[in-house]
Each structure stands twice: as C-alpha cells, then as structure tokens.
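Structure file entry.cif with mmCIF, C-alpha atoms:
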data_start
#
loop_
_atom_site.label_atom_id
_atom_site.label_comp_id
_atom_site.auth_asym_id
_atom_site.auth_seq_id
_atom_site.Cartn_x
_atom_site.Cartn_y
_atom_site.Cartn_z
CA MET A 1 -13.14 27.57 5.78
CA LEU A 2 -15.36 25.56 8.09
CA LEU A 3 -13.32 22.43 7.56
CA TYR A 4 -10.08 24.26 7.99
CA GLU A 5 -11.33 25.59 11.31
CA ARG A 6 -12.41 22.13 12.43
CA LEU A 7 -8.97 20.88 11.66
CA LEU A 8 -7.42 23.59 13.81
CA VAL A 9 -9.89 22.92 16.61
CA ILE A 10 -8.96 19.27 16.70
CA ARG A 11 -5.29 20.19 16.75
CA ALA A 12 -5.81 22.67 19.57
CA ARG A 13 -7.65 20.03 21.61
CA ARG A 14 -4.77 17.67 21.16
CA GLY A 15 -2.50 20.36 22.59
CA ALA A 16 -0.43 20.75 19.43
CA THR A 17 1.00 24.16 18.62
CA PRO A 18 -1.49 26.26 16.70
CA ALA A 19 0.86 26.97 13.79
CA ALA A 20 -0.18 24.48 11.17
CA ASP A 21 2.87 25.21 9.03
CA ALA A 22 5.33 24.38 11.79
CA ILE A 23 3.60 21.10 12.58
CA GLU A 24 3.27 19.92 9.04
CA ALA A 25 6.76 20.80 7.93
CA GLN A 26 7.91 17.71 9.82
CA ARG A 27 5.44 15.37 8.15
CA PRO A 28 6.53 14.31 4.70
CA VAL A 29 3.57 11.94 4.26
CA VAL A 30 -0.11 12.83 4.06
CA ILE A 31 -2.52 9.89 4.07
CA ALA A 32 -6.18 10.19 3.17
CA GLY A 33 -8.21 7.38 4.74
CA PHE A 34 -7.61 5.75 8.09
CA GLY A 35 -9.64 2.60 7.57
CA ARG A 36 -8.18 -0.90 7.45
CA PHE A 37 -5.90 -0.02 4.56
CA GLY A 38 -4.54 3.31 5.77
CA GLN A 39 -4.00 2.07 9.31
CA ILE A 40 -1.59 -0.63 8.22
CA ILE A 41 0.49 1.89 6.28
CA VAL A 42 0.47 4.37 9.18
CA ARG A 43 1.52 1.65 11.63
CA LEU A 44 4.30 0.49 9.31
CA LEU A 45 5.63 4.03 8.82
CA HIS A 46 5.27 4.78 12.53
CA ALA A 47 7.34 1.71 13.39
CA LYS A 48 10.13 3.22 11.28
CA GLY A 49 9.81 6.61 12.99
CA VAL A 50 7.80 8.33 10.23
CA ASP A 51 4.68 10.13 11.43
CA ALA A 52 2.12 10.78 8.77
CA THR A 53 -0.62 13.39 8.68
CA VAL A 54 -3.82 11.42 8.44
CA ILE A 55 -7.17 12.67 7.17
CA ASP A 56 -10.43 10.74 7.50
CA HIS A 57 -14.03 11.81 6.99
CA ASP A 58 -15.48 9.56 9.70
CA PRO A 59 -15.33 11.15 13.17
CA GLY A 60 -16.01 7.77 14.79
CA GLN A 61 -13.00 6.29 13.05
CA ILE A 62 -10.83 9.24 14.10
CA GLU A 63 -11.95 8.82 17.70
CA LEU A 64 -11.26 5.08 17.63
CA VAL A 65 -7.77 5.40 16.25
CA ARG A 66 -6.91 8.16 18.76
CA ARG A 67 -7.74 5.71 21.51
CA PHE A 68 -5.04 3.51 20.00
CA GLY A 69 -2.60 6.41 20.21
CA TYR A 70 -2.39 7.67 16.61
CA LYS A 71 -2.97 11.15 15.24
CA ALA A 72 -5.72 11.71 12.73
CA TYR A 73 -7.65 14.70 11.43
CA TYR A 74 -11.28 14.90 10.55
CA GLY A 75 -12.22 16.24 7.15
CA ASP A 76 -13.36 15.77 3.56
CA ILE A 77 -10.45 15.35 1.14
CA SER A 78 -12.43 16.70 -1.78
CA ARG A 79 -11.94 20.14 -0.14
CA ILE A 80 -8.67 21.54 -1.44
CA ASP A 81 -8.42 23.91 1.57
CA LEU A 82 -8.20 20.90 3.86
CA LEU A 83 -5.40 19.40 1.79
CA ARG A 84 -3.60 22.73 1.96
CA ALA A 85 -4.13 22.88 5.72
CA ALA A 86 -2.75 19.36 6.01
CA GLY A 87 0.46 20.64 4.49
CA LEU A 88 0.28 18.93 1.13
CA GLU A 89 2.47 21.51 -0.61
CA ARG A 90 5.38 20.47 1.61
CA ALA A 91 4.65 16.72 1.53
CA ARG A 92 6.82 14.27 -0.37
CA LEU A 93 4.11 11.69 -0.56
CA PHE A 94 0.32 11.74 -0.72
CA ILE A 95 -1.27 8.36 -0.12
CA LEU A 96 -4.88 7.88 -1.19
CA ALA A 97 -5.97 5.01 1.04
CA ILE A 98 -9.73 5.65 0.93
CA ASP A 99 -12.12 3.00 -0.37
CA ASP A 100 -14.06 5.40 -2.61
CA THR A 101 -12.24 5.21 -5.92
CA ALA A 102 -14.21 7.99 -7.62
CA THR A 103 -13.30 10.49 -4.89
CA ALA A 104 -9.73 9.25 -4.92
CA LEU A 105 -9.51 9.78 -8.68
CA ALA A 106 -10.96 13.29 -8.52
CA THR A 107 -8.57 14.15 -5.69
CA ALA A 108 -5.58 12.72 -7.52
CA LYS A 109 -6.45 14.86 -10.55
CA ARG A 110 -6.61 17.97 -8.45
CA VAL A 111 -3.44 17.25 -6.48
CA ARG A 112 -1.60 16.43 -9.70
CA ALA A 113 -2.61 19.87 -10.99
CA GLU A 114 -2.04 21.93 -7.84
CA TYR A 115 0.95 20.16 -6.28
CA PRO A 116 2.76 18.47 -9.18
CA GLN A 117 5.85 17.86 -7.01
CA VAL A 118 4.00 15.52 -4.62
CA ARG A 119 4.31 11.83 -5.35
CA ILE A 120 0.86 10.17 -5.32
CA MET A 121 0.04 6.58 -4.40
CA ALA A 122 -3.50 5.30 -4.87
CA ARG A 123 -5.53 2.40 -3.55
CA VAL A 124 -8.06 1.25 -6.16
CA ARG A 125 -10.69 -1.46 -6.47
CA ASN A 126 -10.00 -3.18 -9.75
CA ARG A 127 -8.04 -3.32 -12.95
CA GLN A 128 -10.24 -0.78 -14.72
CA ASP A 129 -9.49 1.70 -11.95
CA VAL A 130 -5.80 1.06 -12.50
CA TYR A 131 -6.18 2.30 -16.06
CA ASP A 132 -8.00 5.42 -14.84
CA PHE A 133 -5.10 6.32 -12.55
CA MET A 134 -2.53 5.40 -15.20
CA ARG A 135 -4.07 8.09 -17.37
CA LEU A 136 -3.06 10.58 -14.64
CA ASP A 137 0.48 9.17 -14.48
CA VAL A 138 0.03 8.17 -10.84
CA PRO A 139 3.23 6.17 -10.21
CA VAL A 140 1.97 3.69 -7.59
CA ILE A 141 -1.48 2.17 -7.99
CA VAL A 142 -2.43 -0.76 -5.76
CA ARG A 143 -5.55 -2.90 -6.15
CA GLU A 144 -6.90 -3.20 -2.65
CA THR A 145 -7.35 -6.99 -2.57
CA PHE A 146 -4.58 -8.03 -4.98
CA GLY A 147 -1.83 -8.49 -2.39
CA SER A 148 -4.00 -10.50 0.00
CA ALA A 149 -5.35 -12.67 -2.81
CA LEU A 150 -1.76 -13.48 -3.77
CA ASP A 151 -0.96 -14.24 -0.13
CA MET A 152 -3.82 -16.70 -0.03
CA GLY A 153 -2.81 -18.14 -3.39
CA GLU A 154 0.66 -18.75 -1.98
CA GLU A 155 -0.86 -20.57 0.99
CA ALA A 156 -2.97 -22.63 -1.41
CA LEU A 157 0.09 -23.67 -3.41
CA LYS A 158 1.81 -24.72 -0.19
CA ALA A 159 -1.27 -26.65 0.95
CA LEU A 160 -1.14 -28.49 -2.39
CA GLY A 161 2.39 -29.66 -1.65
CA ILE A 162 4.61 -27.00 -3.22
CA GLY A 163 7.57 -25.98 -1.07
CA ALA A 164 7.52 -22.57 0.60
CA TYR A 165 10.43 -21.15 -1.39
CA ARG A 166 9.02 -22.28 -4.71
CA ALA A 167 5.52 -21.05 -3.85
CA ARG A 168 6.95 -17.63 -3.05
CA ARG A 169 8.83 -17.53 -6.34
CA ILE A 170 5.75 -18.57 -8.31
CA VAL A 171 3.71 -15.80 -6.72
CA GLN A 172 6.41 -13.21 -7.39
CA ARG A 173 6.51 -14.25 -11.01
CA PHE A 174 2.73 -14.14 -11.27
CA ARG A 175 2.66 -10.68 -9.72
CA ARG A 176 5.30 -9.33 -12.06
CA HIS A 177 3.56 -10.83 -15.07
CA ASP A 178 0.22 -9.38 -14.00
CA LEU A 179 1.65 -5.87 -13.65
CA GLU A 180 3.44 -6.14 -16.99
CA THR A 181 0.23 -7.35 -18.63
CA ILE A 182 -1.67 -4.35 -17.30
CA ARG A 183 0.93 -1.99 -18.73
CA HIS A 184 0.91 -3.90 -22.00
CA LEU A 185 -2.91 -3.83 -22.26
CA TYR A 186 -3.26 -0.18 -21.30
CA PRO A 187 -3.57 1.05 -24.91
CA HIS A 188 -6.53 -1.34 -25.40
CA HIS A 189 -8.31 -0.83 -22.10
CA GLN A 190 -11.37 0.79 -23.64
CA ASP A 191 -11.78 -1.88 -26.33
CA GLU A 192 -13.35 -4.91 -24.61
CA PRO A 193 -13.02 -7.55 -27.36
CA THR A 194 -9.31 -6.81 -27.85
CA LEU A 195 -8.84 -6.68 -24.10
CA ILE A 196 -10.38 -10.11 -23.66
CA SER A 197 -8.42 -11.78 -26.43
CA LYS A 198 -5.17 -10.19 -25.29
CA THR A 199 -5.89 -11.15 -21.70
CA LYS A 200 -6.26 -14.77 -22.81
CA GLU A 201 -2.97 -14.57 -24.70
CA ALA A 202 -1.27 -13.12 -21.63
CA ARG A 203 -2.62 -15.98 -19.54
CA GLU A 204 -1.19 -18.51 -21.94
CA ASP A 205 2.15 -16.72 -21.88
CA LEU A 206 2.08 -16.98 -18.14
CA ALA A 207 1.30 -20.68 -18.18
CA ARG A 208 4.23 -21.17 -20.57
CA LEU A 209 6.46 -19.11 -18.32
CA MET A 210 5.41 -21.16 -15.33
CA ARG A 211 6.09 -24.40 -17.17
CA ASP A 212 9.54 -23.12 -18.11
CA GLU A 213 10.53 -21.87 -14.70
CA GLY A 214 12.45 -24.94 -13.61
CA GLY A 215 9.88 -26.75 -11.52
CA THR A 216 7.31 -28.91 -13.28
CA PRO A 217 3.65 -27.92 -13.31
CA LEU A 218 1.43 -29.66 -10.81
CA THR A 219 -0.35 -32.66 -12.26
CA ASP A 220 -2.67 -35.31 -10.89
CA SER A 221 0.30 -37.39 -9.84
CA ASP A 222 1.38 -34.67 -7.43
CA TRP A 223 -1.67 -35.24 -5.22
CA ASP A 224 -1.28 -37.69 -2.47
CA MET B 1 -32.50 -29.84 -5.08
CA LEU B 2 -33.23 -26.84 -7.25
CA LEU B 3 -29.71 -25.54 -6.92
CA TYR B 4 -28.22 -28.92 -7.52
CA GLU B 5 -30.22 -29.16 -10.71
CA ARG B 6 -29.12 -25.73 -11.81
CA LEU B 7 -25.57 -26.78 -11.33
CA LEU B 8 -26.09 -29.82 -13.51
CA VAL B 9 -27.85 -27.75 -16.12
CA ILE B 10 -24.95 -25.34 -16.35
CA ARG B 11 -22.53 -28.22 -16.60
CA ALA B 12 -24.57 -29.87 -19.32
CA ARG B 13 -24.63 -26.62 -21.30
CA ARG B 14 -20.89 -26.46 -21.10
CA GLY B 15 -20.73 -29.89 -22.66
CA ALA B 16 -19.12 -31.53 -19.64
CA THR B 17 -19.91 -35.14 -18.89
CA PRO B 18 -23.05 -35.44 -16.79
CA ALA B 19 -21.37 -37.45 -14.03
CA ALA B 20 -20.62 -34.86 -11.37
CA ASP B 21 -18.44 -37.28 -9.42
CA ALA B 22 -16.15 -38.00 -12.33
CA ILE B 23 -15.64 -34.33 -13.06
CA GLU B 24 -15.00 -33.28 -9.53
CA ALA B 25 -12.65 -36.08 -8.60
CA GLN B 26 -9.99 -34.27 -10.58
CA ARG B 27 -10.43 -30.97 -8.77
CA PRO B 28 -8.73 -30.85 -5.39
CA VAL B 29 -9.65 -27.21 -4.81
CA VAL B 30 -13.12 -25.72 -4.40
CA ILE B 31 -13.32 -21.92 -4.32
CA ALA B 32 -16.37 -19.98 -3.21
CA GLY B 33 -16.39 -16.51 -4.69
CA PHE B 34 -15.13 -15.47 -8.10
CA GLY B 35 -14.84 -11.75 -7.53
CA ARG B 36 -11.59 -9.83 -7.55
CA PHE B 37 -10.13 -11.94 -4.77
CA GLY B 38 -11.08 -15.41 -5.99
CA GLN B 39 -10.13 -14.65 -9.59
CA ILE B 40 -6.52 -13.95 -8.67
CA ILE B 41 -6.24 -17.25 -6.83
CA VAL B 42 -7.89 -19.16 -9.66
CA ARG B 43 -5.56 -17.56 -12.21
CA LEU B 44 -2.52 -18.34 -10.08
CA LEU B 45 -3.54 -21.97 -9.61
CA HIS B 46 -4.47 -22.28 -13.27
CA ALA B 47 -1.03 -21.03 -14.28
CA LYS B 48 0.43 -23.95 -12.30
CA GLY B 49 -1.94 -26.45 -13.93
CA VAL B 50 -4.43 -26.70 -11.05
CA ASP B 51 -8.05 -26.26 -12.06
CA ALA B 52 -10.37 -25.31 -9.24
CA THR B 53 -14.11 -25.77 -8.98
CA VAL B 54 -15.50 -22.29 -8.58
CA ILE B 55 -18.86 -21.32 -7.11
CA ASP B 56 -20.35 -17.84 -7.27
CA HIS B 57 -23.86 -16.56 -6.56
CA ASP B 58 -23.79 -13.84 -9.21
CA PRO B 59 -24.82 -15.14 -12.66
CA GLY B 60 -23.43 -11.99 -14.29
CA GLN B 61 -20.04 -12.62 -12.75
CA ILE B 62 -20.12 -16.25 -13.86
CA GLU B 63 -20.97 -15.18 -17.38
CA LEU B 64 -18.21 -12.58 -17.44
CA VAL B 65 -15.52 -14.94 -16.24
CA ARG B 66 -16.60 -17.61 -18.73
CA ARG B 67 -15.97 -15.09 -21.48
CA PHE B 68 -12.40 -14.94 -20.19
CA GLY B 69 -12.18 -18.71 -20.46
CA TYR B 70 -12.56 -19.92 -16.86
CA LYS B 71 -15.03 -22.40 -15.43
CA ALA B 72 -17.44 -21.29 -12.76
CA TYR B 73 -20.70 -22.59 -11.29
CA TYR B 74 -23.68 -20.60 -10.20
CA GLY B 75 -25.04 -21.18 -6.71
CA ASP B 76 -25.46 -20.19 -3.09
CA ILE B 77 -22.76 -21.64 -0.85
CA SER B 78 -24.98 -21.59 2.21
CA ARG B 79 -26.72 -24.62 0.60
CA ILE B 80 -24.86 -27.71 1.71
CA ASP B 81 -26.23 -29.70 -1.24
CA LEU B 82 -24.41 -27.36 -3.58
CA LEU B 83 -21.14 -27.87 -1.72
CA ARG B 84 -21.69 -31.61 -1.92
CA ALA B 85 -22.43 -31.34 -5.64
CA ALA B 86 -19.24 -29.34 -6.07
CA GLY B 87 -17.33 -32.32 -4.71
CA LEU B 88 -16.27 -30.90 -1.38
CA GLU B 89 -15.96 -34.31 0.25
CA ARG B 90 -13.15 -35.16 -2.14
CA ALA B 91 -11.49 -31.73 -2.07
CA ARG B 92 -8.20 -31.10 -0.31
CA LEU B 93 -8.82 -27.41 -0.04
CA PHE B 94 -11.88 -25.19 0.34
CA ILE B 95 -11.17 -21.51 -0.23
CA LEU B 96 -13.73 -19.01 1.03
CA ALA B 97 -13.00 -16.01 -1.18
CA ILE B 98 -16.38 -14.29 -0.86
CA ASP B 99 -16.65 -10.75 0.54
CA ASP B 100 -19.52 -11.57 2.93
CA THR B 101 -17.75 -12.56 6.12
CA ALA B 102 -20.89 -13.67 7.99
CA THR B 103 -21.80 -16.16 5.25
CA ALA B 104 -18.20 -17.30 5.07
CA LEU B 105 -18.15 -17.92 8.81
CA ALA B 106 -21.40 -19.88 8.79
CA THR B 107 -20.15 -21.93 5.84
CA ALA B 108 -16.80 -22.60 7.48
CA LYS B 109 -18.61 -23.87 10.59
CA ARG B 110 -20.72 -26.24 8.56
CA VAL B 111 -17.86 -27.49 6.39
CA ARG B 112 -15.70 -27.99 9.48
CA ALA B 113 -18.49 -30.19 10.90
CA GLU B 114 -19.44 -32.11 7.75
CA TYR B 115 -16.08 -32.43 6.00
CA PRO B 116 -13.46 -32.21 8.76
CA GLN B 117 -10.74 -33.52 6.43
CA VAL B 118 -10.96 -30.51 4.09
CA ARG B 119 -8.47 -27.72 4.74
CA ILE B 120 -10.25 -24.34 4.88
CA MET B 121 -8.82 -20.94 3.94
CA ALA B 122 -10.86 -17.83 4.59
CA ARG B 123 -10.85 -14.26 3.34
CA VAL B 124 -12.03 -11.88 6.06
CA ARG B 125 -12.50 -8.14 6.45
CA ASN B 126 -10.75 -7.22 9.67
CA ARG B 127 -8.90 -8.34 12.76
CA GLN B 128 -12.09 -9.09 14.69
CA ASP B 129 -13.12 -11.50 11.93
CA VAL B 130 -9.75 -13.20 12.26
CA TYR B 131 -10.60 -14.03 15.86
CA ASP B 132 -13.99 -15.43 14.81
CA PHE B 133 -12.33 -17.82 12.38
CA MET B 134 -9.57 -18.68 14.85
CA ARG B 135 -12.30 -19.97 17.16
CA LEU B 136 -13.12 -22.50 14.41
CA ASP B 137 -9.45 -23.47 14.03
CA VAL B 138 -9.40 -22.35 10.42
CA PRO B 139 -5.70 -22.63 9.58
CA VAL B 140 -5.38 -19.85 6.99
CA ILE B 141 -7.21 -16.56 7.54
CA VAL B 142 -6.36 -13.62 5.31
CA ARG B 143 -7.55 -10.06 5.84
CA GLU B 144 -8.66 -8.93 2.42
CA THR B 145 -6.76 -5.62 2.30
CA PHE B 146 -3.79 -6.48 4.53
CA GLY B 147 -1.45 -7.69 1.80
CA SER B 148 -2.12 -4.76 -0.52
CA ALA B 149 -1.74 -2.25 2.33
CA LEU B 150 1.66 -3.76 3.07
CA ASP B 151 2.55 -3.57 -0.62
CA MET B 152 1.72 0.12 -0.62
CA GLY B 153 3.57 0.61 2.66
CA GLU B 154 6.63 -0.95 1.04
CA GLU B 155 6.33 1.47 -1.87
CA ALA B 156 6.01 4.36 0.61
CA LEU B 157 9.20 3.33 2.40
CA LYS B 158 11.03 3.20 -0.92
CA ALA B 159 9.65 6.60 -1.93
CA LEU B 160 11.04 7.95 1.37
CA GLY B 161 14.52 6.81 0.42
CA ILE B 162 14.80 3.32 1.92
CA GLY B 163 16.45 0.78 -0.37
CA ALA B 164 14.28 -1.92 -1.97
CA TYR B 165 15.89 -4.81 -0.12
CA ARG B 166 15.61 -3.13 3.26
CA ALA B 167 12.02 -2.02 2.63
CA ARG B 168 11.09 -5.60 1.79
CA ARG B 169 12.72 -6.85 4.99
CA ILE B 170 10.96 -4.22 7.11
CA VAL B 171 7.60 -5.21 5.66
CA GLN B 172 8.27 -8.91 6.24
CA ARG B 173 9.15 -8.19 9.85
CA PHE B 174 6.06 -6.04 10.30
CA ARG B 175 3.87 -8.76 8.82
CA ARG B 176 5.33 -11.45 11.04
CA HIS B 177 4.98 -9.27 14.10
CA ASP B 178 1.38 -8.43 13.25
CA LEU B 179 0.43 -12.09 12.88
CA GLU B 180 2.20 -12.99 16.12
CA THR B 181 0.42 -10.15 17.91
CA ILE B 182 -2.95 -11.40 16.73
CA ARG B 183 -2.20 -14.87 18.05
CA HIS B 184 -0.91 -13.38 21.29
CA LEU B 185 -3.99 -11.18 21.77
CA TYR B 186 -6.50 -13.87 20.88
CA PRO B 187 -7.31 -14.75 24.52
CA HIS B 188 -8.21 -11.06 25.12
CA HIS B 189 -10.11 -10.37 21.93
CA GLN B 190 -13.44 -9.87 23.65
CA ASP B 191 -12.05 -7.51 26.30
CA GLU B 192 -11.59 -4.12 24.62
CA PRO B 193 -9.59 -2.24 27.31
CA THR B 194 -7.04 -5.05 27.63
CA LEU B 195 -6.94 -5.38 23.85
CA ILE B 196 -6.16 -1.68 23.43
CA SER B 197 -3.44 -1.56 26.07
CA LYS B 198 -1.84 -4.75 24.78
CA THR B 199 -2.05 -3.48 21.21
CA LYS B 200 -0.12 -0.38 22.28
CA GLU B 201 2.50 -2.54 24.00
CA ALA B 202 2.83 -4.65 20.88
CA ARG B 203 3.32 -1.54 18.82
CA GLU B 204 6.12 -0.37 21.08
CA ASP B 205 7.72 -3.81 20.88
CA LEU B 206 7.61 -3.50 17.13
CA ALA B 207 9.19 -0.03 17.16
CA ARG B 208 11.98 -1.44 19.35
CA LEU B 209 12.41 -4.38 17.05
CA MET B 210 12.59 -2.05 14.06
CA ARG B 211 15.19 0.12 15.80
CA ASP B 212 17.25 -2.98 16.55
CA GLU B 213 17.04 -4.51 13.11
CA GLY B 214 20.35 -3.21 11.82
CA GLY B 215 19.31 -0.16 9.84
CA THR B 216 18.63 3.07 11.70
CA PRO B 217 15.11 4.43 11.97
CA LEU B 218 14.20 7.20 9.59
CA THR B 219 14.64 10.65 11.11
CA ASP B 220 14.24 14.19 9.86
CA SER B 221 17.82 14.18 8.63
CA ASP B 222 16.92 11.40 6.18
CA TRP B 223 14.67 13.72 4.17
CA ASP B 224 16.29 15.61 1.39
#

Would you mind writing the file out in structure tokens?
Amino acid sequence: MLLYERLLVIRARRGATPAADAIEAQRPVVIAGFGRFGQIIVRLLHAKGVDATVIDHDPGQIELVRRFGYKAYYGDISRIDLLRAAGLERARLFILAIDDTATALATAKRVRAEYPQVRIMARVRNRQDVYDFMRLDVPVIVRETFGSALDMGEEALKALGIGAYRARRIVQRFRRHDLETIRHLYPHHQDEPTLISKTKEAREDLARLMRDEGGTPLTDSDWD
Amino acid sequence: MLLYERLLVIRARRGATPAADAIEAQRPVVIAGFGRFGQIIVRLLHAKGVDATVIDHDPGQIELVRRFGYKAYYGDISRIDLLRAAGLERARLFILAIDDTATALATAKRVRAEYPQVRIMARVRNRQDVYDFMRLDVPVIVRETFGSALDMGEEALKALGIGAYRARRIVQRFRRHDLETIRHLYPHHQDEPTLISKTKEAREDLARLMRDEGGTPLTDSDWD
C-alpha cells in the first residue's frame, strides 16, 4: 500500500490525472529499470512516439531522468501491487531492464503467473542466466554486454583489414550461431562436462562455417 | 619482474616455446579482460582464425577459459612490464575489455604514450566515460550495455507491431544519431546545464528525424 501511495503522490506532483487506470491504458510498455540499459530503450521508443511506464527503485535516478524530460516512477518491482498500479495487466510488453538478475527472475516468474498475456523481455548477465529465463519461456532474453561486445568485435575485424560489409556479415553469422548454440545446449545446461565438450564442438562448427562463408579466413599474410 | 616471471611460468606450463618474442610476433591483437565482454571478442576473432593474446587478473577466470580451450595469461594490466611481455609493441590492436573503467583509462593513457602506433579500443560504462576516452583520442569507445539495449529495443519495436526490416533501420538511425550527438556535445561535456538542454534538443531532432524517415510514428491506433 505504501508503495502504491508513493506512486500516486509522484503522479500527482507531476500534475497527471489521479486516475491511474486512465493514464496507464495508453501505455502498452512497462519498463523496470531506468539505468543505462533501460534509458536507451525508453529513448528509442520515445523517438517512435511510444511512451513507456518506467519504474526504478533509485529516487536519485528518477530525479535525474526527470531533469532530462522523461517520466519515471519510484518503486520496488518485487511488490506486485506496484506492478498492478503501473498498469501491467493492460500492458503488451514488460521489459525487465534492471541489473539485478535474481530480482528480475523472481519478477518474471510472478508476472508469468499473474499476467500470462504480457510479453516479457529480460536483460540478463550471462549465459547461465539465459537458461534460467528459458525455463520460464521468456521469449526475449538479452545478455547485457553481448551486443556491445559484438559491436567491438566488428570494429576489431575492420581494424584488422576486413571490409565493413564483410565484418557486419561475420558478426551477424556469429550472433546467429551463438543463439542457436544456446538453444541447442539448453538440455545440457546443468551438466558441466557435457556443456564444455559440446561448447567446443559448437566452436569448431562455427570456425568451419566461417571458413565456408565465401571469404577466406584471416591468416598471417593478411597483415600488412 | 614478478609478474613477468609469472607470465613466463604460465607459458612454460602450457608447453609453449620459452621465447616470448617469437610467440607474440604472431599475435596482432592483445586483449585485456577475459570476462563476458572479452570472451565474445576472442571467440569472434578465433572463428576468423585470429588468435589474440589475452590478459586477465583473475586466475579463476583464466583457469575456466582454459578448460574451454582458449589461451589466457594471468596478470595486472596496470603493470607496463606485463604489457611489454604480452608483445604490445608489435600489436596492431589493444582491446581494453575490462569492466574497471578507471584502470582502463589509466592504461589507455600509458599505452597511448609508450606505444603510439597501437590502435586502442575501449569498453566503458557510460557516456561520461566516453568523453574521458575521447580526450585521449581513443578511436573506438564502446559503452558496455549500449549494443544490447539497442538489441532489446529492436525486439520491443517488433513486439509492438513494427516489421523486422523497419525496426532494424530505426535502430541503426538511432545509433548513428546517438553517436553523432555525443561527438557534438563533447565540447560541453563538463557543463551540465548546457549538456542537459542540448541533450533535449538532440532528442527532439531525433524525433523529427524518425517522423520524417518514411514510416509513420507509432500512435494509439497502431495497437490492436
């Protein structure tokens, strides 16, 4: 109740109408976490005219982002009453953009159970976390540094003399192969020895795939 | 000296030849940091036949990754003798993939001064860090969660009914605009009020750009 009231207080201060239902009916996206990760998504959606309902548990962060002109609500997403107040039952999409994977997983479990119609997307730390969310059938699971690491890998390939178009294609292929490998290894994810040997196999498959993809692999003679 | 010796010891255990120079001459890439971020880059390069010299300060991590079949050296990158031992003076590329931005910045400064011919790429946490590395003229600076946040944003657009091709194009435009904005705001990065007002302007520019990009912005009538 306390959190729900806080949420309403913040809304009232912002001069929004006091009827939570009316406000939230227009917001098909609820995002938990307005740190570096969530902010990018909110800005991207905002640029396309989609306003999201944002929840963050850090009042300083909320204050900061308001100064930049975005809307955000203060609260703890492990409280189901807050999620209800944020209009989750009418949301199309619930984005877990927080950096605390354990809380995200517990919240995903609960939202899956209480609002099965809401599509969930989750930010996670590592591959093991991916398996944890796969067990809940969460359809979009994104490792928080995977995309940037691939971006830097693409820059590295270009710095080593590979053309921009080819570097992009190599990275796309790597990404696809990595996601397929995760799906393929899911049945073995609690069996470390099998996981390791199958991961090695997958890596060799990938190297073969890369050798076969038209371009030649880089060798010493490619360095200038 | 101690670290240098450790490095040689680890190499000797692995059965490599004892001549550090001979080994490293074949490795045009040195990567500091073999966590989640560095591993992806190493795997990508490996798939294209490029073996990198990897340095990490966590012996457990080194041990783990060896079990998966990769080469990694134990050491503290703030020691210049270790960087020398790793063959940095003959490297084309030095990738700072560690999660400690302060150490990365100090190392970049030193490498810039001692090995000006080596191209540096840096993983950073946030936009402010980008400015710090821009001051050193580091040519590739990647925010560690930016790429994954965009990946998830792309998935969110698709979940809201935007076609895959258009969602991809929107994200590419957003990314380009964000990088241009950072460059544009660089002269003001230590002046918070100007930074905030110019950031708002840039956001409005982006919204205009998105409205003009052919497709219509999403509106309420787009929801089903």

Expected answer as JSON, numbers by chain: chain B residues within 6 Å of chain A, all atoms listed in the file | {"B": [37, 41, 47, 48, 49, 144, 145, 147, 148, 149, 153, 207, 217, 218]}

Length of the atom CA of A:Tyr73 to atom CA of B:Gly161 vector [Å] |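 Computed distance, atom CA of A:Tyr73 to atom CA of B:Gly161, equals 26.0 Å.
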
All residues 9 Å or closer to B:Leu136, all atoms listed in the file, same chain fewer than 4 positions away omitted, as a list of chain:residue names |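 Non-adjacent residues within range: B:Leu105, B:Ala108, B:Lys109, B:Arg112, B:Tyr131, B:Asp132.
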
Between atom CA of B:His177 and atom CA of A:Ile31 - distance in Å to one decimal |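 Interatomic distance here is 22.9 Å.
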
Between atom CA of A:Ala32 and atom CA of A:Arg135, what is the distance, to one decimal in Å?
->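 Between atom CA of A:Ala32 and atom CA of A:Arg135 the gap is 20.8 Å.
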
Residues within 9 Å of (-16.5, -13.8, 13.0), counting all atoms listed in the file, listed as a PyMOL selection string = chain B and resi 101-102+104-106+124+128-135

Would you kindly identify which residues have an atom no farther than 10 Å from (-12.8, 15.5, 3.1), using all atoms listed in the file and the file's own coordinates, and write them out as a count of residues only?
-> 20
